[in-house]
>>> print(open('data.pdb').read())   # PDB, C-alpha atoms, pLDDT in the B column
ATOM      1  CA  MET H1001       0.000   0.000   0.000  1.00 72.00           C
ATOM      2  CA  SER H1002       1.188   3.512  -0.783  1.00 95.00           C
ATOM      3  CA  ASN H1003       2.001   6.202   1.740  1.00 97.00           C
ATOM      4  CA  ILE H1004      -0.190   9.243   1.197  1.00 98.00           C
ATOM      5  CA  ARG H1005       0.250  12.766   2.505  1.00 98.00           C
ATOM      6  CA  ILE H1006      -2.822  14.618   3.749  1.00 97.00           C
ATOM      7  CA  THR H1007      -2.773  18.380   4.343  1.00 98.00           C
ATOM      8  CA  LYS H1008      -5.219  20.548   6.282  1.00 98.00           C
ATOM      9  CA  GLN H1009      -4.948  24.332   6.416  1.00 98.00           C
ATOM     10  CA  PHE H1010      -5.732  26.525   9.400  1.00 98.00           C
ATOM     11  CA  SER H1011      -5.680  30.244  10.084  1.00 98.00           C
ATOM     12  CA  PHE H1012      -5.510  32.296  13.253  1.00 98.00           C
ATOM     13  CA  GLU H1013      -4.640  35.800  14.433  1.00 98.00           C
ATOM     14  CA  THR H1014      -1.840  36.165  16.951  1.00 98.00           C
ATOM     15  CA  GLY H1015       0.131  39.050  18.388  1.00 96.00           C
ATOM     16  CA  HIS H1016       3.709  38.900  19.624  1.00 96.00           C
ATOM     17  CA  ALA H1017       6.840  40.901  20.322  1.00 94.00           C
ATOM     18  CA  LEU H1018      10.463  39.838  20.030  1.00 96.00           C
ATOM     19  CA  TYR H1019      12.431  40.914  23.078  1.00 94.00           C
ATOM     20  CA  GLY H1020      15.958  42.130  22.294  1.00 93.00           C
ATOM     21  CA  TYR H1021      15.342  42.209  18.544  1.00 95.00           C
ATOM     22  CA  ASP H1022      16.920  45.108  16.629  1.00 96.00           C
ATOM     23  CA  GLY H1023      14.050  45.765  14.223  1.00 94.00           C
ATOM     24  CA  LYS H1024      10.369  46.694  14.141  1.00 95.00           C
ATOM     25  CA  CYS H1025       9.294  43.301  15.520  1.00 93.00           C
ATOM     26  CA  LYS H1026      10.508  44.341  18.972  1.00 93.00           C
ATOM     27  CA  ASN H1027       7.172  46.191  19.144  1.00 94.00           C
ATOM     28  CA  VAL H1028       3.935  44.385  19.927  1.00 94.00           C
ATOM     29  CA  HIS H1029       2.247  43.568  16.632  1.00 96.00           C
ATOM     30  CA  GLY H1030       0.171  40.816  15.076  1.00 96.00           C
ATOM     31  CA  HIS H1031      -0.081  38.493  12.118  1.00 98.00           C
ATOM     32  CA  SER H1032      -2.762  36.593  10.269  1.00 98.00           C
ATOM     33  CA  TYR H1033      -1.035  33.225  10.423  1.00 98.00           C
ATOM     34  CA  ARG H1034      -1.776  30.344   8.090  1.00 98.00           C
ATOM     35  CA  LEU H1035      -0.704  26.880   9.206  1.00 98.00           C
ATOM     36  CA  ASP H1036      -0.493  23.947   6.783  1.00 98.00           C
ATOM     37  CA  VAL H1037      -0.344  20.595   8.588  1.00 98.00           C
ATOM     38  CA  THR H1038       0.724  17.584   6.508  1.00 98.00           C
ATOM     39  CA  VAL H1039       0.601  14.057   7.860  1.00 98.00           C
ATOM     40  CA  ILE H1040       1.620  10.831   6.138  1.00 98.00           C
ATOM     41  CA  GLY H1041       0.272   7.310   6.380  1.00 98.00           C
ATOM     42  CA  GLN H1042      -1.450   4.523   4.506  1.00 97.00           C
ATOM     43  CA  PRO H1043      -5.159   4.565   3.698  1.00 97.00           C
ATOM     44  CA  ILE H1044      -7.252   2.225   5.858  1.00 95.00           C
ATOM     45  CA  THR H1045      -7.864  -1.017   3.929  1.00 96.00           C
ATOM     46  CA  ASP H1046     -10.431  -2.584   6.262  1.00 95.00           C
ATOM     47  CA  THR H1047     -13.703  -2.328   4.328  1.00 96.00           C
ATOM     48  CA  THR H1048     -15.690  -2.596   7.563  1.00 97.00           C
ATOM     49  CA  ASN H1049     -14.015   0.485   9.034  1.00 96.00           C
ATOM     50  CA  VAL H1050     -16.108   3.659   8.651  1.00 97.00           C
ATOM     51  CA  LYS H1051     -12.864   5.477   7.741  1.00 95.00           C
ATOM     52  CA  PHE H1052     -12.116   2.986   4.909  1.00 97.00           C
ATOM     53  CA  GLY H1053      -9.879   4.582   2.275  1.00 96.00           C
ATOM     54  CA  MET H1054      -8.748   7.439   4.531  1.00 97.00           C
ATOM     55  CA  VAL H1055      -5.287   8.043   5.958  1.00 97.00           C
ATOM     56  CA  ILE H1056      -6.929  10.146   8.679  1.00 97.00           C
ATOM     57  CA  ASP H1057     -10.316  11.776   8.722  1.00 97.00           C
ATOM     58  CA  PHE H1058      -9.824  15.494   8.048  1.00 98.00           C
ATOM     59  CA  SER H1059     -12.188  16.218  10.951  1.00 98.00           C
ATOM     60  CA  ASP H1060      -9.946  14.184  13.315  1.00 98.00           C
ATOM     61  CA  LEU H1061      -6.880  16.138  12.202  1.00 98.00           C
ATOM     62  CA  LYS H1062      -8.842  19.380  12.547  1.00 98.00           C
ATOM     63  CA  LYS H1063      -9.826  18.500  16.122  1.00 98.00           C
ATOM     64  CA  ILE H1064      -6.198  17.904  17.117  1.00 98.00           C
ATOM     65  CA  VAL H1065      -4.839  21.100  15.561  1.00 98.00           C
ATOM     66  CA  LYS H1066      -7.725  23.249  16.790  1.00 98.00           C
ATOM     67  CA  GLU H1067      -7.319  22.019  20.377  1.00 98.00           C
ATOM     68  CA  GLU H1068      -3.513  22.212  20.468  1.00 98.00           C
ATOM     69  CA  ILE H1069      -2.810  25.304  18.350  1.00 98.00           C
ATOM     70  CA  VAL H1070      -5.664  27.364  16.933  1.00 98.00           C
ATOM     71  CA  ASN H1071      -7.871  27.622  20.014  1.00 98.00           C
ATOM     72  CA  VAL H1072      -4.804  28.433  22.140  1.00 98.00           C
ATOM     73  CA  PHE H1073      -3.012  30.953  19.905  1.00 98.00           C
ATOM     74  CA  ASP H1074      -5.941  32.648  18.131  1.00 98.00           C
ATOM     75  CA  HIS H1075      -6.360  36.241  19.324  1.00 97.00           C
ATOM     76  CA  ALA H1076      -3.656  35.802  21.952  1.00 97.00           C
ATOM     77  CA  THR H1077      -0.469  37.798  22.420  1.00 96.00           C
ATOM     78  CA  VAL H1078       2.644  35.654  22.838  1.00 97.00           C
ATOM     79  CA  PHE H1079       5.684  36.658  24.853  1.00 96.00           C
ATOM     80  CA  ASN H1080       8.870  34.886  25.893  1.00 95.00           C
ATOM     81  CA  LYS H1081       8.381  34.297  29.627  1.00 94.00           C
ATOM     82  CA  ASN H1082      12.144  34.540  30.222  1.00 92.00           C
ATOM     83  CA  THR H1083      12.309  38.243  29.330  1.00 91.00           C
ATOM     84  CA  PRO H1084      11.111  41.508  30.863  1.00 91.00           C
ATOM     85  CA  HIS H1085       8.037  41.163  28.627  1.00 88.00           C
ATOM     86  CA  VAL H1086       6.481  39.290  31.562  1.00 89.00           C
ATOM     87  CA  GLU H1087       5.762  42.690  33.106  1.00 91.00           C
ATOM     88  CA  LEU H1088       3.872  43.774  29.983  1.00 89.00           C
ATOM     89  CA  ALA H1089       2.127  40.390  29.885  1.00 90.00           C
ATOM     90  CA  LYS H1090       0.949  40.829  33.471  1.00 92.00           C
ATOM     91  CA  GLU H1091      -0.400  44.293  32.707  1.00 92.00           C
ATOM     92  CA  LEU H1092      -2.291  43.002  29.664  1.00 92.00           C
ATOM     93  CA  GLU H1093      -3.674  40.009  31.569  1.00 93.00           C
ATOM     94  CA  ASP H1094      -4.840  42.320  34.370  1.00 93.00           C
ATOM     95  CA  ARG H1095      -6.770  44.244  31.712  1.00 94.00           C
ATOM     96  CA  GLY H1096      -8.463  41.085  30.431  1.00 94.00           C
ATOM     97  CA  HIS H1097      -6.246  40.302  27.452  1.00 94.00           C
ATOM     98  CA  ASN H1098      -5.433  36.752  26.326  1.00 95.00           C
ATOM     99  CA  VAL H1099      -1.677  36.368  26.880  1.00 96.00           C
ATOM    100  CA  LEU H1100       0.517  33.314  26.325  1.00 96.00           C
ATOM    101  CA  LEU H1101       3.899  33.035  27.977  1.00 96.00           C
ATOM    102  CA  VAL H1102       6.206  30.584  26.227  1.00 97.00           C
ATOM    103  CA  ASP H1103       9.753  29.499  26.992  1.00 96.00           C
ATOM    104  CA  TYR H1104      11.100  30.544  23.596  1.00 97.00           C
ATOM    105  CA  GLN H1105      11.416  33.648  21.427  1.00 97.00           C
ATOM    106  CA  PRO H1106       8.025  33.700  19.622  1.00 97.00           C
ATOM    107  CA  THR H1107       9.380  33.758  16.078  1.00 98.00           C
ATOM    108  CA  SER H1108       7.740  31.728  13.318  1.00 98.00           C
ATOM    109  CA  GLU H1109      10.697  29.357  13.454  1.00 98.00           C
ATOM    110  CA  MET H1110      10.306  28.629  17.153  1.00 98.00           C
ATOM    111  CA  MET H1111       6.519  28.521  17.008  1.00 98.00           C
ATOM    112  CA  VAL H1112       6.570  25.895  14.256  1.00 98.00           C
ATOM    113  CA  ILE H1113       8.900  23.712  16.373  1.00 98.00           C
ATOM    114  CA  ASP H1114       6.501  24.051  19.321  1.00 98.00           C
ATOM    115  CA  PHE H1115       3.515  23.231  17.105  1.00 98.00           C
ATOM    116  CA  ALA H1116       5.217  20.130  15.698  1.00 98.00           C
ATOM    117  CA  GLU H1117       5.821  18.712  19.169  1.00 98.00           C
ATOM    118  CA  LYS H1118       2.246  19.367  20.252  1.00 98.00           C
ATOM    119  CA  ILE H1119       0.697  17.813  17.140  1.00 98.00           C
ATOM    120  CA  LYS H1120       2.984  14.746  17.080  1.00 98.00           C
ATOM    121  CA  LYS H1121       1.893  13.791  20.601  1.00 97.00           C
ATOM    122  CA  ARG H1122      -1.764  13.655  19.550  1.00 98.00           C
ATOM    123  CA  LEU H1123      -1.562  11.735  16.264  1.00 98.00           C
ATOM    124  CA  PRO H1124      -2.593   8.062  16.056  1.00 95.00           C
ATOM    125  CA  VAL H1125       0.401   5.695  16.078  1.00 94.00           C
ATOM    126  CA  ASN H1126       0.021   4.803  12.397  1.00 94.00           C
ATOM    127  CA  ILE H1127       0.052   8.467  11.315  1.00 97.00           C
ATOM    128  CA  LYS H1128       3.239  10.537  11.261  1.00 98.00           C
ATOM    129  CA  LEU H1129       3.602  14.299  11.081  1.00 98.00           C
ATOM    130  CA  HIS H1130       5.316  14.976   7.749  1.00 98.00           C
ATOM    131  CA  SER H1131       5.595  18.760   7.701  1.00 98.00           C
ATOM    132  CA  LEU H1132       4.304  22.095   8.914  1.00 98.00           C
ATOM    133  CA  LYS H1133       4.317  25.416   7.127  1.00 98.00           C
ATOM    134  CA  LEU H1134       3.614  28.486   9.250  1.00 98.00           C
ATOM    135  CA  GLN H1135       3.004  31.504   7.071  1.00 98.00           C
ATOM    136  CA  GLU H1136       3.442  34.800   8.926  1.00 97.00           C
ATOM    137  CA  THR H1137       2.890  37.193   6.026  1.00 96.00           C
ATOM    138  CA  ALA H1138       2.003  36.817   2.345  1.00 96.00           C
ATOM    139  CA  THR H1139       5.692  36.380   1.530  1.00 97.00           C
ATOM    140  CA  SER H1140       7.264  34.928   4.689  1.00 98.00           C
ATOM    141  CA  TYR H1141       6.958  31.507   6.296  1.00 98.00           C
ATOM    142  CA  ALA H1142       8.802  28.892   8.335  1.00 98.00           C
ATOM    143  CA  GLN H1143       8.709  25.180   7.539  1.00 98.00           C
ATOM    144  CA  TRP H1144       9.312  22.087   9.662  1.00 98.00           C
ATOM    145  CA  PHE H1145       9.940  18.672   8.078  1.00 98.00           C
ATOM    146  CA  ALA H1146      10.096  15.398   9.976  1.00 98.00           C
ATOM    147  CA  SER H1147      12.853  14.205   7.636  1.00 97.00           C
ATOM    148  CA  ASP H1148      15.049  17.096   8.827  1.00 97.00           C
ATOM    149  CA  ASN H1149      14.447  16.247  12.480  1.00 95.00           C
ATOM    150  CA  ASP H1150      14.778  12.477  12.795  1.00 79.00           C
TER     151      ASP H1150
END
>>> encode(input="data.pdb", output="structure tokens")
Amino acid sequence: MSNIRITKQFSFETGHALYGYDGKCKNVHGHSYRLDVTVIGQPITDTTNVKFGMVIDFSDLKKIVKEEIVNVFDHATVFNKNTPHVELAKELEDRGHNVLLVDYQPTSEMMVIDFAEKIKKRLPVNIKLHSLKLQETATSYAQWFASDND
């Protein structure tokens, strides 16, 4: 049986700031992110299985990514908890804002690594995460490939 790659696309709005950065992104700002999640596996061959012919039901993949990434990061502001941005985060939280404190610099590169780990933990054993593409702007994105990280 052939291995098949299945991709589902997601979008969410997230704000962030890069502490210590020497450009405009040191300021709090936001992006309309697009996340492409590609998994790989073999289609189910058991004709009695309701998922017959599928690698993974798109709705099952959607549930995982929504719970782990989209519902968490959408309309949140992300800061590195190991920087003085924690003071700003506290102020925003006190004013009712959705703030995420992470243990990394919230760049697209680091976010895509975080997302890969979260998604991999939730996939069925016969399904592997193949790649992620996190698009930050119309012309800029970070990619993660399992083959680069084995």
>>> atom_distance(input="data.pdb", atom1="atom CA of H:Asn1082", atom2="atom CA of H:Met1111")
15.6 Å
>>> resolve_selection(input="data.pdb", expression="the PyMOL selection byres ((chain H and resi 1147) around 10)", output="VMD selection string")
chain H and resid 1129 to 1131 1144 to 1146 1148 to 1150
>>> resolve_selection(input="data.pdb", expression="the PyMOL selection byres ((chain H and resi 1026) around 12)", output="compact mmCIF listing (two decimals) with C-alpha atoms, in the frame of the given file")
# COMPACT_ATOMS: atom_id res chain seq x y z
CA GLY H 1015 0.13 39.05 18.39
CA HIS H 1016 3.71 38.90 19.62
CA ALA H 1017 6.84 40.90 20.32
CA LEU H 1018 10.46 39.84 20.03
CA TYR H 1019 12.43 40.91 23.08
CA GLY H 1020 15.96 42.13 22.29
CA TYR H 1021 15.34 42.21 18.54
CA ASP H 1022 16.92 45.11 16.63
CA GLY H 1023 14.05 45.76 14.22
CA LYS H 1024 10.37 46.69 14.14
CA CYS H 1025 9.29 43.30 15.52
CA ASN H 1027 7.17 46.19 19.14
CA VAL H 1028 3.94 44.38 19.93
CA HIS H 1029 2.25 43.57 16.63
CA GLY H 1030 0.17 40.82 15.08
CA PHE H 1079 5.68 36.66 24.85
CA ASN H 1080 8.87 34.89 25.89
CA HIS H 1085 8.04 41.16 28.63
CA GLN H 1105 11.42 33.65 21.43
CA PRO H 1106 8.02 33.70 19.62
CA THR H 1107 9.38 33.76 16.08
>>> resolve_selection(input="data.pdb", expression="the PyMOL selection byres ((chain H and resi 1077) around 7)", output="count of residues only")
10
>>> atom_distance(input="data.pdb", atom1="atom CA of H:Thr1038", atom2="atom CA of H:Lys1133")
8.6 Å
